[in-house]
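One structure below.
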Amino acid sequence: MLQLIATCRRPQLVAAWRNGYLRASTNINWRQERRQASTEVAATTAAAELSNASGMVGFWQTLSNSTPVAYMQDALTQIHDYSGLPWWASIVLSTFLFRSIITLPLTIYQHKITARIEMIALEMPALVEELKREAAIAKQKFKWSDKQTTIVYKRSIKKQWQNLIVRDNCHPMKTVIVLWGQIPLWIFQSVALRNLVYLLPDPMALQAQITATEMTIGGFGWIPNLTVVDSSYILPVTLGLINLAIIEVQSMTRTRPPTRLQNIANNVFRGLSVVMVPVACTVPSALCVYWVASSSFGLAQNLLLLSPDVRRAVGIPKTPTEVEHPYEQLWIKIQKRARILDETPADKTATK
């Protein structure tokens, strides 16, 4: 002990011990500061992510509590209560009902506008020839240059086209009117069904609890519980196939060669149809039932409006490009697409 005390009294050893202690203290402080800095960075990142997430949560909460969704939610409940059907059948019935009332008339109107545009396009060649003659006469009379004549000629064609559109009330923008009805309907009904599954907007409401309980036993076949995902993936895959069928039917029944923009749009919608499959695998089966029912109605609607008799019955005017036997032509194109029949040189040229 005396030797240890004597040794510790030596200034060199004391200085060495102090230096070692200070280094150790410095290292500990540096580690603590580094740890604190990393914690602050993590906290900042988490706060930013939480802010973004709260923004999305706020958006979905606003949509979930919106008046149109509340009306849709109430309508779905009323249809189920008055029909006495199980929830899966009630969802299908409400889907067909809403689409028949909202999107079917808009689709018929869209076809009428498209037919009128096609009919007035047939009047343009005669008007173009007349405008060419008038432009040539005006060029000689007023000593216009070629550039001036071209400007006046194009302006006259545009004016004549606008006059025809006003005369027949068929502005091209009206051809997308169906989207203004179909997209909001799809969103509101999807959110309303989600609310019914998750007891929203008020989980403590008795009606919400009763509805959610009924949905747990309101399924069919392999999905008796509509509040859980379809683990068999039958409905999600069916949804993707039906959406792809809609796109291909529209593509194969087109009487004119597709434009570059139409080809791009078809490829985009094909990609969205594929993307919807994994999305449908993560949502409750009630939403899958609705999406499959809605897409099935859309496919049947497109096939039905191919018939000339149906088109005349709903007031769609006949056009020169209308096919007399659309279903036979569609079947032949399906066989060619499946390589069952050989394509003719004309078909190959059109495909290219």
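In the structure tokens, chains take letters A, B, ... by order of appearance, with residues numbered from 1 within each chain and ligands from 1 in the order shown.
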Neighbouring residues of region 260-263 of chain A were defined as those with any atom within 12 Å, considering only C-alpha atoms; residues of the same chain fewer than 5 positions away were excluded. Please report them as a PyMOL selection string. chain A and resi 247-248+250-251+254+268-270+351-352
Next on the checklist: List as a list in words the protein and nucleic acid residues near Val152 (chain A), meaning an atom at most 10 Å away when only C-alpha atoms are counted, but skip any in the same chain fewer than 3 places from it.
Outcome noted: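 Near Val152 (chain A), the qualifying residues are Leu131, Ala135, Ala138, Lys139, Trp144, Lys147, Gln148, Thr149, Arg155, Ser156, Ile157 and Lys158 of chain A.
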> Within 10 Å of Ser66 (chain A), counting only C-alpha atoms, which residues qualify if same-chain residues fewer than 3 places away don't, as a PyMOL selection string?
Replying inline: chain A and resi 60-63+69-71+188+191-192+201
So that I can check the surroundings of Leu185 (chain A), please list as a PyMOL selection string every protein, DNA and RNA residue that reaches within 12 Å of it, counting only C-alpha atoms and ignoring chain neighbours fewer than 3 positions away.
chain A and resi 68-69+71-72+94-103+178-182+188-192+290-291+294
request  = Can you check which residues of region 69-272 of chain A DSSP gives as alpha helix (DSSP H) on the backbone and send them as a PyMOL selection string?
outcome  = chain A and resi 69-83+87-98+104-121+124-142+146-168+177-197+206-216+234-252+260-272
Measuring atom to atom with only C-alpha atoms, identify which of A:Asp81, A:Asp146, A:Asp202, A:Glu134 is nearest to Glu214 (chain A).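 Of A:Asp81, A:Asp146, A:Asp202, A:Glu134, the one nearest Glu214 (chain A), counting only C-alpha atoms, is A:Asp81.
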From the list A:Thr321, A:Ser285, A:Thr150, A:Gln207, the nearest residue to Val228 (chain A) using only C-alpha atoms is A:Ser285
Report task. Just the residues within 7 Å of region 298-313 of chain A, please, counting only C-alpha atoms, with nothing from its chain fewer than 6 positions along; format it as number ranges by chain. Result -> A: 246, 324, 326
Item checked: Interatomic distance, CA of Leu104 (chain A) to CA of Trp186 (chain A) (Å, one decimal) ->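 So the answer is 13.7 Å.
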Which of these residues is nearest to Val275 (chain A), using only C-alpha atoms: A:Leu85, A:Leu241, A:Met215, A:Leu196?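 Distance minimum relative to Val275 (chain A) lands on A:Leu241.
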Query raised in the report: CA of Ile217 (chain A) to CA of Asn65 (chain A): how many Å, to one decimal?
Result: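 So the answer is 26.0 Å.
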### Task
Tell me which protein, DNA and RNA residues are within 10 Å of region 314-320 of chain A, counting only C-alpha atoms, leaving out same-chain ones fewer than 5 positions away, and put them as a PyMOL selection string.
chain A and resi 105+108-119+122+305+308-309
Can you pull out every residue within 12 Å of Ala280 (chain A), counting only C-alpha atoms, but drop anything in the same chain fewer than 2 positions away, and send it as number ranges by chain?
A: 190, 228-240, 273-278, 282-292
